[in-house]
>>> print(open('final37.cif').read())   # mmCIF, C-alpha atoms
data_input
#
loop_
_atom_site.label_atom_id
_atom_site.label_comp_id
_atom_site.auth_asym_id
_atom_site.auth_seq_id
_atom_site.Cartn_x
_atom_site.Cartn_y
_atom_site.Cartn_z
CA MET A 1 -36.87 -9.08 10.03
CA ALA A 2 -35.20 -7.01 7.30
CA ALA A 3 -31.48 -7.50 6.75
CA LYS A 4 -29.19 -4.97 8.38
CA ARG A 5 -27.61 -2.50 6.03
CA ILE A 6 -24.01 -1.44 5.46
CA LEU A 7 -22.88 1.54 3.38
CA PHE A 8 -19.32 1.59 2.08
CA ILE A 9 -17.68 4.90 1.19
CA HIS A 10 -14.59 4.86 -1.03
CA GLN A 11 -13.52 7.10 -3.89
CA ASN A 12 -12.18 4.11 -5.82
CA PHE A 13 -14.64 1.53 -4.50
CA PRO A 14 -14.00 -1.23 -3.68
CA GLY A 15 -10.45 -0.03 -2.94
CA GLN A 16 -9.27 -1.88 0.16
CA PHE A 17 -12.76 -3.28 0.75
CA PRO A 18 -13.56 -5.83 -2.00
CA HIS A 19 -13.37 -8.97 0.09
CA ILE A 20 -14.83 -7.29 3.15
CA ALA A 21 -17.81 -6.04 1.13
CA ASP A 22 -18.22 -9.47 -0.48
CA ALA A 23 -18.15 -11.12 2.95
CA CYS A 24 -20.86 -8.73 4.15
CA VAL A 25 -23.06 -9.68 1.19
CA LYS A 26 -22.41 -13.39 1.80
CA ALA A 27 -23.28 -12.98 5.49
CA GLY A 28 -26.68 -11.61 4.50
CA TYR A 29 -26.23 -7.87 5.05
CA LYS A 30 -27.73 -5.51 2.49
CA VAL A 31 -24.79 -3.58 1.05
CA ALA A 32 -24.51 -0.35 -0.91
CA ALA A 33 -21.58 1.90 -1.79
CA VAL A 34 -20.92 5.58 -2.40
CA ALA A 35 -18.08 5.81 -4.91
CA GLY A 36 -16.28 8.38 -6.99
CA PRO A 37 -16.23 8.43 -10.79
CA THR A 38 -13.65 5.61 -10.88
CA GLY A 39 -15.63 3.30 -8.57
CA LYS A 40 -16.36 -0.19 -9.85
CA ASN A 41 -19.46 -2.32 -9.69
CA ARG A 42 -19.54 -5.40 -7.48
CA PRO A 43 -22.09 -8.26 -7.47
CA GLY A 44 -24.86 -7.83 -4.94
CA ILE A 45 -23.94 -4.22 -4.12
CA ASP A 46 -25.79 -1.06 -5.15
CA VAL A 47 -22.86 1.12 -6.24
CA ARG A 48 -23.56 4.77 -7.05
CA ARG A 49 -21.01 7.37 -8.13
CA TRP A 50 -20.95 10.98 -7.10
CA LYS A 51 -20.16 13.85 -9.48
CA LEU A 52 -18.58 17.12 -8.47
CA SER A 53 -20.76 20.18 -8.88
CA ARG A 54 -17.68 22.34 -9.52
CA GLY A 55 -13.91 22.23 -9.54
CA SER A 56 -11.34 23.75 -7.23
CA THR A 57 -11.13 27.53 -6.96
CA PRO A 58 -8.47 29.03 -9.23
CA GLY A 59 -5.95 31.03 -7.23
CA ILE A 60 -7.18 29.80 -3.85
CA PHE A 61 -4.80 30.17 -0.89
CA GLU A 62 -2.40 27.37 -1.80
CA PRO A 63 -2.35 25.43 1.52
CA ALA A 64 -6.16 25.32 1.35
CA THR A 65 -6.19 23.53 -2.02
CA ARG A 66 -6.34 20.02 -0.55
CA ALA A 67 -8.90 20.96 2.12
CA GLU A 68 -11.18 22.54 -0.48
CA ALA A 69 -10.89 19.47 -2.72
CA ASP A 70 -11.73 17.19 0.22
CA LEU A 71 -14.77 19.30 1.09
CA LEU A 72 -15.97 19.32 -2.52
CA ARG A 73 -15.81 15.52 -2.54
CA ALA A 74 -17.45 15.42 0.90
CA ASP A 75 -20.32 17.55 -0.38
CA ALA A 76 -20.80 15.39 -3.48
CA ALA A 77 -20.70 12.17 -1.44
CA ALA A 78 -23.13 13.58 1.13
CA HIS A 79 -25.68 14.51 -1.54
CA LEU A 80 -25.38 11.03 -3.05
CA ALA A 81 -25.79 9.46 0.40
CA ALA A 82 -28.88 11.63 0.92
CA GLN A 83 -30.30 10.16 -2.29
CA PHE A 84 -29.78 6.67 -0.87
CA LYS A 85 -31.69 7.84 2.22
CA ALA A 86 -34.50 9.26 0.11
CA ASP A 87 -34.74 5.90 -1.66
CA GLY A 88 -35.18 4.17 1.68
CA PHE A 89 -31.64 2.91 2.29
CA VAL A 90 -30.62 3.98 5.79
CA PRO A 91 -27.52 2.08 6.90
CA ASP A 92 -26.98 0.44 10.26
CA LEU A 93 -23.22 0.86 9.74
CA ILE A 94 -20.93 3.00 7.56
CA ILE A 95 -17.47 1.74 6.54
CA GLY A 96 -15.31 4.25 4.71
CA HIS A 97 -11.90 5.48 3.67
CA PRO A 98 -11.32 9.05 4.94
CA GLY A 99 -8.41 9.85 2.64
CA TRP A 100 -10.25 11.98 0.10
CA GLY A 101 -12.89 13.61 2.27
CA GLU A 102 -16.04 11.69 1.30
CA THR A 103 -16.84 10.53 4.84
CA ILE A 104 -16.68 14.00 6.46
CA HIS A 105 -20.44 14.68 6.36
CA MET A 106 -21.82 11.15 6.69
CA HIS A 107 -22.76 11.72 10.35
CA GLU A 108 -24.95 14.61 9.18
CA VAL A 109 -26.75 12.51 6.56
CA PHE A 110 -27.17 9.54 8.91
CA PRO A 111 -27.11 10.87 12.51
CA GLY A 112 -26.27 8.24 15.10
CA VAL A 113 -25.14 5.59 12.62
CA PRO A 114 -21.77 4.10 13.71
CA ILE A 115 -18.81 4.75 11.42
CA ILE A 116 -15.73 2.59 10.89
CA LEU A 117 -12.89 4.29 9.03
CA PHE A 118 -9.91 2.68 7.33
CA GLY A 119 -6.91 4.49 8.86
CA GLU A 120 -4.34 4.07 6.12
CA PHE A 121 -2.04 6.98 6.97
CA PHE A 122 -2.06 10.36 8.71
CA TYR A 123 0.35 12.75 7.02
CA LYS A 124 3.49 13.99 8.76
CA SER A 125 5.59 17.03 7.98
CA ARG A 126 8.81 15.28 9.04
CA GLY A 127 10.27 11.80 8.87
CA ALA A 128 7.58 10.06 6.82
CA ASP A 129 6.62 10.31 3.15
CA VAL A 130 8.18 13.77 3.33
CA GLY A 131 11.08 15.00 5.44
CA PHE A 132 12.83 11.60 5.55
CA ASP A 133 15.17 11.46 2.56
CA LEU A 134 16.70 14.93 2.54
CA GLU A 135 18.82 14.30 -0.55
CA PHE A 136 15.82 15.24 -2.65
CA GLU A 137 14.15 17.79 -0.40
CA ASN A 138 14.98 21.31 0.60
CA ARG A 139 11.93 22.00 2.70
CA SER A 140 10.92 25.48 3.79
CA PHE A 141 8.67 26.62 6.61
CA PRO A 142 5.68 26.94 4.22
CA ASP A 143 6.30 23.34 3.14
CA PHE A 144 5.83 22.15 6.73
CA LEU A 145 2.62 24.12 7.01
CA ARG A 146 1.38 22.68 3.73
CA SER A 147 1.99 19.14 4.97
CA SER A 148 0.05 19.88 8.13
CA ALA A 149 -2.82 21.39 6.15
CA LYS A 150 -3.22 18.15 4.18
CA ASN A 151 -4.63 16.53 7.33
CA ILE A 152 -7.57 18.91 7.81
CA GLY A 153 -10.05 16.73 5.97
CA MET A 154 -8.68 13.55 7.53
CA ALA A 155 -8.95 15.00 11.03
CA GLY A 156 -12.51 16.10 10.38
CA ALA A 157 -13.45 12.64 9.17
CA CYS A 158 -11.74 10.85 12.07
CA SER A 159 -13.49 13.10 14.57
CA THR A 160 -16.82 11.53 13.54
CA ALA A 161 -15.62 7.91 13.64
CA ASP A 162 -16.46 5.28 16.23
CA VAL A 163 -13.63 2.92 15.22
CA ILE A 164 -10.54 3.41 13.06
CA VAL A 165 -9.01 0.24 11.61
CA CYS A 166 -5.29 0.55 10.80
CA PRO A 167 -3.51 -2.22 8.86
CA THR A 168 -0.24 -2.11 10.85
CA PRO A 169 1.11 -0.71 14.12
CA PHE A 170 3.25 1.82 12.27
CA GLN A 171 0.29 3.14 10.29
CA ALA A 172 -1.68 3.37 13.52
CA SER A 173 1.15 5.33 15.14
CA THR A 174 0.89 8.11 12.54
CA HIS A 175 -2.55 9.09 13.87
CA PRO A 176 -2.81 11.79 16.55
CA ARG A 177 -3.05 10.86 20.23
CA ALA A 178 -6.68 11.98 20.35
CA PHE A 179 -7.66 9.21 17.91
CA GLN A 180 -5.56 6.41 19.41
CA PRO A 181 -8.26 5.07 21.79
CA MET A 182 -10.56 4.23 18.87
CA ILE A 183 -7.91 2.42 16.78
CA ARG A 184 -7.91 -1.32 16.11
CA VAL A 185 -4.90 -2.80 14.31
CA PHE A 186 -5.36 -5.63 11.82
CA HIS A 187 -4.54 -6.00 8.15
CA GLU A 188 -7.17 -6.32 5.43
CA GLY A 189 -5.29 -9.39 4.24
CA VAL A 190 -3.61 -10.72 1.11
CA ASP A 191 -4.76 -13.81 -0.78
CA MET A 192 -2.12 -16.34 0.28
CA SER A 193 -3.63 -19.03 -1.93
CA LYS A 194 -2.36 -17.05 -4.93
CA SER A 195 0.93 -16.08 -3.32
CA SER A 196 3.08 -19.11 -2.67
CA LYS A 197 6.37 -20.39 -4.02
CA LYS A 198 5.93 -22.16 -7.38
CA PRO A 199 8.35 -25.05 -7.96
CA GLY A 200 9.99 -24.98 -11.37
CA ALA A 201 9.28 -21.30 -11.94
CA ARG A 202 10.61 -19.92 -15.23
CA LEU A 203 10.33 -16.54 -16.88
CA LYS A 204 11.43 -15.16 -20.22
CA MET A 205 12.84 -11.67 -19.87
CA PRO A 206 12.18 -8.86 -22.38
CA ASN A 207 15.61 -9.40 -23.98
CA GLY A 208 14.87 -13.12 -24.50
CA THR A 209 16.88 -14.44 -21.56
CA MET A 210 15.16 -17.37 -19.85
CA LEU A 211 15.56 -17.38 -16.07
CA ASP A 212 14.72 -20.31 -13.81
CA GLY A 213 16.47 -19.46 -10.54
CA SER A 214 19.27 -21.99 -11.03
CA THR A 215 21.65 -19.03 -10.83
CA PRO A 216 21.18 -16.00 -8.56
CA VAL A 217 18.13 -13.81 -9.16
CA ILE A 218 17.46 -10.62 -7.21
CA THR A 219 13.94 -9.17 -7.37
CA PHE A 220 12.56 -5.68 -6.79
CA ILE A 221 8.95 -4.53 -7.19
CA ASN A 222 7.41 -1.05 -7.21
CA ARG A 223 4.01 -0.11 -8.57
CA ASN A 224 5.88 2.87 -9.98
CA PHE A 225 9.63 3.30 -9.55
CA GLU A 226 10.21 6.08 -7.05
CA ARG A 227 12.43 7.27 -4.24
CA LEU A 228 9.74 6.75 -1.61
CA ARG A 229 10.10 3.00 -2.19
CA GLY A 230 13.89 3.13 -2.31
CA PHE A 231 14.38 2.68 -6.05
CA HIS A 232 17.38 5.03 -6.05
CA ILE A 233 19.09 3.11 -3.22
CA PHE A 234 18.47 -0.20 -4.96
CA MET A 235 19.87 1.01 -8.27
CA ARG A 236 22.97 2.43 -6.60
CA ALA A 237 23.61 -0.94 -4.94
CA LEU A 238 23.52 -2.93 -8.18
CA PRO A 239 26.95 -2.16 -9.70
CA GLU A 240 28.81 -3.81 -6.81
CA LEU A 241 26.51 -6.83 -6.90
CA LEU A 242 26.85 -7.36 -10.64
CA ALA A 243 30.63 -6.95 -10.50
CA ALA A 244 30.96 -9.48 -7.68
CA ARG A 245 28.53 -11.99 -9.19
CA PRO A 246 28.80 -12.25 -12.99
CA ASP A 247 26.15 -14.98 -12.86
CA ALA A 248 23.51 -12.83 -11.11
CA HIS A 249 20.42 -11.44 -12.79
CA VAL A 250 18.09 -8.75 -11.50
CA ILE A 251 14.34 -8.62 -12.20
CA VAL A 252 12.89 -5.14 -11.73
CA ILE A 253 9.08 -5.09 -11.89
CA GLY A 254 7.07 -1.89 -12.06
CA GLY A 255 6.01 1.11 -14.07
CA GLU A 256 7.42 4.53 -14.78
CA GLY A 257 4.42 6.62 -13.83
CA THR A 258 4.08 9.11 -11.00
CA GLY A 259 4.24 7.46 -7.59
CA TYR A 260 3.60 8.66 -4.06
CA GLY A 261 6.73 10.78 -4.14
CA GLY A 262 5.50 13.05 -6.93
CA GLN A 263 6.83 13.91 -10.34
CA LEU A 264 10.37 14.71 -11.37
CA PRO A 265 10.90 17.89 -13.40
CA ASP A 266 10.78 18.03 -17.19
CA GLY A 267 9.02 14.68 -17.58
CA GLN A 268 12.00 12.73 -16.27
CA THR A 269 11.36 9.28 -14.77
CA TRP A 270 13.15 7.67 -11.85
CA LYS A 271 14.26 4.85 -14.11
CA GLY A 272 15.78 7.35 -16.52
CA LYS A 273 17.32 9.37 -13.70
CA MET A 274 18.99 6.37 -12.08
CA LEU A 275 20.17 4.85 -15.35
CA ALA A 276 21.79 8.20 -16.13
CA GLU A 277 23.54 8.01 -12.76
CA VAL A 278 24.66 4.34 -12.64
CA GLY A 279 23.78 2.83 -16.02
CA ASP A 280 27.34 2.92 -17.33
CA ARG A 281 28.32 0.63 -14.42
CA LEU A 282 25.55 -1.90 -15.03
CA ASP A 283 25.46 -4.89 -17.34
CA LEU A 284 22.01 -4.13 -18.70
CA ASN A 285 21.84 -7.60 -20.24
CA ARG A 286 21.43 -8.83 -16.65
CA VAL A 287 19.17 -6.09 -15.29
CA HIS A 288 15.70 -6.84 -16.61
CA PHE A 289 13.03 -4.14 -16.48
CA THR A 290 9.78 -5.98 -17.13
CA GLY A 291 7.34 -3.11 -16.78
CA LYS A 292 4.11 -3.85 -14.93
CA VAL A 293 3.17 -7.54 -14.99
CA ASP A 294 0.17 -9.62 -14.00
CA HIS A 295 0.03 -11.25 -10.57
CA ALA A 296 0.91 -14.72 -11.83
CA MET A 297 4.10 -13.47 -13.49
CA MET A 298 5.03 -11.59 -10.34
CA VAL A 299 4.68 -14.80 -8.32
CA GLN A 300 6.85 -16.63 -10.85
CA ALA A 301 9.57 -14.01 -10.38
CA LEU A 302 9.32 -14.16 -6.58
CA SER A 303 9.44 -17.96 -6.69
CA MET A 304 12.90 -17.94 -8.28
CA SER A 305 14.21 -15.03 -6.21
CA TRP A 306 17.38 -15.55 -4.17
CA ALA A 307 16.71 -12.23 -2.42
CA HIS A 308 13.89 -9.72 -2.64
CA VAL A 309 14.67 -6.08 -1.91
CA TYR A 310 11.90 -4.06 -0.29
CA TYR A 311 12.74 -0.52 0.81
CA THR A 312 10.33 2.19 1.86
CA TYR A 313 10.21 5.52 3.59
CA PRO A 314 8.13 5.47 6.82
CA PHE A 315 4.87 5.15 4.90
CA VAL A 316 2.15 2.64 4.04
CA LEU A 317 3.28 -1.00 3.87
CA SER A 318 3.07 -2.49 0.37
CA TRP A 319 1.21 -5.69 -0.39
CA SER A 320 4.21 -6.72 -2.51
CA LEU A 321 6.29 -7.25 0.63
CA VAL A 322 3.64 -9.56 2.08
CA GLU A 323 3.45 -11.48 -1.19
CA ALA A 324 7.26 -11.83 -1.29
CA MET A 325 7.17 -13.18 2.28
CA ALA A 326 4.41 -15.60 1.28
CA CYS A 327 6.59 -16.82 -1.62
CA GLU A 328 9.40 -17.61 0.87
CA CYS A 329 11.74 -14.92 -0.40
CA LEU A 330 14.75 -13.81 1.57
CA ILE A 331 13.67 -10.27 2.41
CA LEU A 332 16.32 -7.54 2.37
CA GLY A 333 14.35 -4.65 3.76
CA SER A 334 14.87 -1.11 4.95
CA ASP A 335 15.06 -0.68 8.70
CA THR A 336 12.04 1.62 8.74
CA GLY A 337 8.84 1.46 10.77
CA PRO A 338 6.56 -0.16 8.18
CA VAL A 339 9.01 -2.97 7.46
CA ARG A 340 9.72 -3.60 11.14
CA ASP A 341 6.01 -4.38 11.51
CA ALA A 342 6.47 -7.34 9.15
CA ILE A 343 10.11 -8.39 9.55
CA THR A 344 12.24 -8.89 12.65
CA SER A 345 15.81 -8.62 11.41
CA GLY A 346 17.60 -11.93 11.63
CA GLU A 347 14.36 -13.91 11.96
CA GLU A 348 12.21 -13.44 8.82
CA GLY A 349 14.74 -11.41 6.82
CA LEU A 350 17.41 -8.75 7.16
CA LEU A 351 16.78 -5.06 7.79
CA LEU A 352 19.36 -2.53 6.67
CA ASP A 353 19.85 1.20 7.11
CA PHE A 354 17.81 2.78 4.31
CA PHE A 355 20.65 5.07 3.24
CA ASP A 356 23.55 2.58 3.48
CA VAL A 357 24.05 1.59 -0.16
CA PRO A 358 27.17 -0.60 0.44
CA ALA A 359 25.26 -2.56 3.11
CA LEU A 360 22.58 -3.47 0.57
CA SER A 361 25.23 -4.45 -1.99
CA ARG A 362 26.93 -6.71 0.57
CA ALA A 363 23.63 -8.29 1.61
CA MET A 364 22.67 -9.09 -1.99
CA ILE A 365 26.11 -10.56 -2.65
CA ASP A 366 25.94 -12.74 0.46
CA ALA A 367 22.46 -13.94 -0.53
CA CYS A 368 23.98 -15.10 -3.81
CA GLU A 369 27.05 -16.69 -2.23
CA ASN A 370 25.44 -18.34 0.80
CA PRO A 371 21.82 -19.15 -0.04
CA ASP A 372 21.59 -22.05 2.42
CA ARG A 373 22.31 -19.67 5.30
CA TYR A 374 18.88 -18.07 4.85
CA GLN A 375 16.57 -21.06 4.43
CA ALA A 376 15.12 -20.75 7.93
CA MET A 377 14.38 -17.05 7.35
CA ARG A 378 12.52 -17.86 4.16
CA LYS A 379 10.28 -20.37 5.91
CA ALA A 380 9.76 -18.00 8.84
CA ALA A 381 8.76 -15.20 6.46
CA ARG A 382 5.91 -17.24 5.01
CA GLU A 383 4.78 -18.36 8.45
CA LYS A 384 4.65 -14.76 9.66
CA ALA A 385 2.84 -13.64 6.52
CA LEU A 386 0.19 -16.27 7.18
CA ARG A 387 -0.06 -15.29 10.83
CA LEU A 388 -0.40 -11.52 10.28
CA PHE A 389 -1.60 -10.94 6.74
CA ASP A 390 -3.68 -13.85 5.44
CA ARG A 391 -6.98 -12.65 4.06
CA GLU A 392 -9.00 -15.80 4.79
CA THR A 393 -7.84 -16.41 8.34
CA VAL A 394 -7.00 -12.88 9.51
CA GLY A 395 -8.29 -10.01 7.39
CA VAL A 396 -11.87 -10.96 6.57
CA PRO A 397 -12.63 -12.76 9.88
CA LYS A 398 -11.41 -9.81 11.95
CA TRP A 399 -13.36 -7.33 9.86
CA MET A 400 -16.51 -9.43 10.10
CA ALA A 401 -16.08 -9.82 13.84
CA LEU A 402 -15.88 -6.03 14.13
CA VAL A 403 -19.00 -5.59 11.99
CA GLU A 404 -20.92 -7.98 14.23
CA GLU A 405 -19.56 -6.23 17.34
CA MET A 406 -20.89 -2.93 15.99
CA ILE A 407 -24.33 -3.98 14.70
CA GLY A 408 -24.80 -7.69 15.32
CA PRO A 409 -25.44 -10.39 12.70
CA ALA A 410 -27.32 -9.68 9.52
#
>>> encode(input="final37.cif", output="structure tokens")
Amino acid sequence: MAAKRILFIHQNFPGQFPHIADACVKAGYKVAAVAGPTGKNRPGIDVRRWKLSRGSTPGIFEPATRAEADLLRADAAAHLAAQFKADGFVPDLIIGHPGWGETIHMHEVFPGVPIILFGEFFYKSRGADVGFDLEFENRSFPDFLRSSAKNIGMAGACSTADVIVCPTPFQASTHPRAFQPMIRVFHEGVDMSKSSKKPGARLKMPNGTMLDGSTPVITFINRNFERLRGFHIFMRALPELLAARPDAHVIVIGGEGTGYGGQLPDGQTWKGKMLAEVGDRLDLNRVHFTGKVDHAMMVQALSMSWAHVYYTYPFVLSWSLVEAMACECLILGSDTGPVRDAITSGEEGLLLDFFDVPALSRAMIDACENPDRYQAMRKAAREKALRLFDRETVGVPKWMALVEEMIGPA
């Protein structure tokens, strides 16, 4: 009997699917992928990349811009999938990310083939990635309509799905009621074997300072510094910390590119903006901006951390929080939905009002002054990370169980 076939759909393949796709190959399924121009090859997988036949329409009705772009990608992906079909590859199962539109027409190319979608986030016009931190937003009625219009492609894709897998309860909750019955909640998983506290961790900072965690170290990680991940709150909390603890150092890991929250005007960066606001009250010999670092260096920093600050708007949960938990950091997190899915305040860390800058300052100071008070929380954080987010025991096994539920073994 021929092996059963699985087609992955992801603009940036493998995206969230590398270890799931690898596990499918290892299990004996025949695997292929429809990817965008930035998709990457993967051993044992026939990866093909679509190309757009045209760009977006100049001057199109502005709220329709995203929908048109999603449909252009959907069309390109559908034609590429049809080429797979012409070459004899008809999948038994489709697994895709609906965020950019590519899965919208897959049910037309392969009628009756079950579809699993990765439900990362369904946009909201209020109280999520937009409409939460009103200091930086003055939203108009057209802005609300524009936010709603962003979901047109996502809704179309979800309407064809058989199952939607959401990584966390909060991310599941963003999806409309109509889609809730088809949602399963489990995380794709983080490699805990590479994320654990390293005894004797040491790091040389860009200014030459060698840190080893023998004196207080506070850590903060963003892929790109931005308000959506609370960079502005964190920076505003530092002056009080540094004044109270002359022995404390702060390691700030991340880049200065455009993040989820969009660009600032005139090429300004969030690092530049916040240093202009609070830099004259910071001892910049003790605030170390490392830029983006490799995973091993990140783990070294987390291993010497006395407290790790993770703030986020109600949005997608970052892997960096899970990795900080796995490294037994004391988590000082924002009391927002995504973080509540990972941390129960007082048990695996402390959750604070996102906008309460003095509260964060006080929490960082107390972490420096009373480190023994938080040892149980540190251990509990790793235990919970293993229980909810471990790739080998949670993510891949649950995904593979779902695949077998849908189409049986290879």
>>> resolve_selection(input="final37.cif", expression="the PyMOL selection byres ((chain A and resi 59-68) around 6)", output="ChimeraX atom specification")
/A:57-58,69-71,146,150,153
>>> residues_around(input="final37.cif", residues="Thr393 in chain A", least_positions_apart="2", cutoff="12 Å", atoms="only C-alpha atoms", output="list in words")
Phe186, His187, Glu188, Gly189, Val190, Asp191, Met192, Ser193, Ala385, Leu386, Arg387, Leu388, Phe389, Asp390, Arg391, Gly395, Val396, Pro397, Lys398, Trp399, Met400 and Ala401 of chain A
>>> write_last_selection(input="final37.cif", atoms="C-alpha atoms", output="PDB file, keeping the file's coordinate frame")
ATOM      1  CA  PHE A 186      -5.360  -5.630  11.820  1.00  0.00           C
ATOM      2  CA  HIS A 187      -4.540  -6.000   8.150  1.00  0.00           C
ATOM      3  CA  GLU A 188      -7.170  -6.320   5.430  1.00  0.00           C
ATOM      4  CA  GLY A 189      -5.290  -9.390   4.240  1.00  0.00           C
ATOM      5  CA  VAL A 190      -3.610 -10.720   1.110  1.00  0.00           C
ATOM      6  CA  ASP A 191      -4.760 -13.810  -0.780  1.00  0.00           C
ATOM      7  CA  MET A 192      -2.120 -16.340   0.280  1.00  0.00           C
ATOM      8  CA  SER A 193      -3.630 -19.030  -1.930  1.00  0.00           C
ATOM      9  CA  ALA A 385       2.840 -13.640   6.520  1.00  0.00           C
ATOM     10  CA  LEU A 386       0.190 -16.270   7.180  1.00  0.00           C
ATOM     11  CA  ARG A 387      -0.060 -15.290  10.830  1.00  0.00           C
ATOM     12  CA  LEU A 388      -0.400 -11.520  10.280  1.00  0.00           C
ATOM     13  CA  PHE A 389      -1.600 -10.940   6.740  1.00  0.00           C
ATOM     14  CA  ASP A 390      -3.680 -13.850   5.440  1.00  0.00           C
ATOM     15  CA  ARG A 391      -6.980 -12.650   4.060  1.00  0.00           C
ATOM     16  CA  GLY A 395      -8.290 -10.010   7.390  1.00  0.00           C
ATOM     17  CA  VAL A 396     -11.870 -10.960   6.570  1.00  0.00           C
ATOM     18  CA  PRO A 397     -12.630 -12.760   9.880  1.00  0.00           C
ATOM     19  CA  LYS A 398     -11.410  -9.810  11.950  1.00  0.00           C
ATOM     20  CA  TRP A 399     -13.360  -7.330   9.860  1.00  0.00           C
ATOM     21  CA  MET A 400     -16.510  -9.430  10.100  1.00  0.00           C
ATOM     22  CA  ALA A 401     -16.080  -9.820  13.840  1.00  0.00           C
TER      23      ALA A 401
END
>>> resolve_selection(input="final37.cif", expression="the PyMOL selection byres ((chain A and resi 197) around 9)", output="list in words")
Ser195, Ser196, Lys198, Pro199, Ala201, Val299, Gln300, Leu302, Ser303, Met304, Ala326, Cys327, Glu328 and Cys329 of chain A
>>> closest_residue(input="final37.cif", among="A:Asp129, A:Glu137, A:Glu226, A:Asp356", to="Gln171 in chain A", atoms="all atoms listed in the file")
A:Asp129
>>> closest_residue(input="final37.cif", among="A:Leu330, A:Val316, A:Leu321, A:Leu242", to="Ile365 in chain A", atoms="only C-alpha atoms")
A:Leu242
>>> closest_residue(input="final37.cif", among="A:Ala3, A:Ile233, A:Val394, A:Leu241", to="Asp133 in chain A", atoms="all atoms listed in the file")
A:Ile233
>>> resolve_selection(input="final37.cif", expression="the PyMOL selection byres ((chain A and resi 361) around 8)", output="count of residues only")
12
>>> closest_residue(input="final37.cif", among="A:Glu369, A:Phe231, A:Trp306, A:Lys292", to="Gly272 in chain A", atoms="only C-alpha atoms")
A:Phe231
>>> residues_around(input="final37.cif", residues="range 112-115 of chain A", least_positions_apart="3", cutoff="8 Å", atoms="all atoms listed in the file", output="PyMOL selection string")
chain A and resi 91-96+107+160-163+406
